[in-house]
Amino acid sequence: MSGSRFSIILLLLLMSCRPADMYDQKKAVAYESTPVFSDQRSARPPVDNTVAQDSDFNQPWRAAHLDNERNTAPFAIARPDLERGRERYEIYCTPCHGWTGEGNGMIVQRGYLQPPSFHDPVLKGKPLAHYVQVMTSGIGAMPSYAAQIPLRDRWLIAVYLRVLQSSRDVPVTSLGDEARGKLEEAQP
């Protein structure tokens, strides 16, 4: 009986040594020649008029974040853009920077390094492109968010940061009755 078990195990092992069909299939490997096409190239050029997957790839404002002194967005900003900037900030930035930009997000409360407050005078003096560049390349303990946040959204987040920063400088007397009432309700 043990001889037949040995034979079955040996047979199973030999069968598993066979190269898998997916691995050993005929396929065109990049940069190798192939007789399939007249030019003998396996890597095919893109079809004419192919559009890049990143829909804003050809926008003229794409390189604007490289101008470190730029203090305005390279496109017009409307109310829906500010809302999107706020939404993106809440998704990507609040874990570290907090809801108000103080640098007191949830991960900081759990022991991670605290980022600087966006209300710090030094950061308030930075041009808008500085924030876009930091989100693009990272700085200090902050990693790059270029893979997660499209460039246009990085600009919108930077514009929203300006709104957060300027919100501290609004005198209460300049608020309308409704806004002042909400502020007074929020006071403990």
# chains A, B, ... in the order shown; residues from 1 in each chain; ligands from 1
>>> residues_around(residues="region 96-112 of chain A", least_positions_apart="3", cutoff="10 Å", atoms="only C-alpha atoms", output="list in words")
Arg86, Tyr89, Glu90, Tyr92, Cys93, Pro115, Pro116, Ser117, Phe118, His119, Asp120, Ala141, Met142, Leu161, Leu164, Gln165, Ser167 and Arg168 of chain A
>>> closest_residue(among="A:Ala147, A:Ala76, A:Ala158, A:Val170", to="Val132 (chain A)", atoms="only C-alpha atoms")
A:Ala158
>>> residues_around(residues="region 44-47 of chain A", least_positions_apart="4", cutoff="12 Å", atoms="only C-alpha atoms", output="PyMOL selection string")
chain A and resi 28-34+36-40+51-52
>>> select_by_dssp(residues="region 11-173 of chain A", states="strand (DSSP E or B)", output="list in words")
Ser33, Arg41, Ile139 and Met142 of chain A
>>> select_by_dssp(residues="chain A", states="alpha helix (DSSP H)", output="PyMOL selection string")
chain A and resi 2-16+79-92+94-97+106-109+121-124+128-137+151-167+177-186
>>> closest_residue(among="A:Asp177, A:Gly85, A:Ala129, A:Gln25", to="Thr72 (chain A)", atoms="only C-alpha atoms")
A:Ala129
>>> closest_atom_pairs(of="region 66-100 of chain A", to="region 150-156 of chain A", cutoff="8 Å", atoms="only C-alpha atoms", output="CSV")
residue,atom,partner,partner_atom,distance
A:Ala73,CA,A:Trp155,CA,6.5
A:Asp81,CA,A:Leu156,CA,6.4
A:Leu82,CA,A:Leu156,CA,6.6
A:Arg84,CA,A:Leu156,CA,7.0
A:Gly85,CA,A:Leu156,CA,4.4
A:Arg86,CA,A:Leu156,CA,8.0
A:Arg88,CA,A:Asp153,CA,7.1
>>> write_last_selection(atoms="C-alpha atoms", output="PDB file, in the first residue's frame")
ATOM      1  CA  ALA A  73      -4.707  79.621  -9.662  1.00  0.00           C
ATOM      2  CA  ASP A  81     -14.417  74.595  -7.481  1.00  0.00           C
ATOM      3  CA  LEU A  82     -14.152  75.835  -3.892  1.00  0.00           C
ATOM      4  CA  ARG A  84     -14.416  70.480  -4.577  1.00  0.00           C
ATOM      5  CA  GLY A  85     -11.272  71.919  -2.977  1.00  0.00           C
ATOM      6  CA  ARG A  86     -12.920  71.638   0.437  1.00  0.00           C
ATOM      7  CA  ARG A  88     -10.526  67.043  -1.426  1.00  0.00           C
TER       8      ARG A  88
END
>>> closest_residue(among="A:Leu175, A:Arg180, A:Tyr160, A:Gly3", to="Pro80 (chain A)", atoms="only C-alpha atoms")
A:Tyr160
>>> atom_distance(atom1="CA of Arg162 (chain A)", atom2="CA of Leu113 (chain A)")
23.2 Å
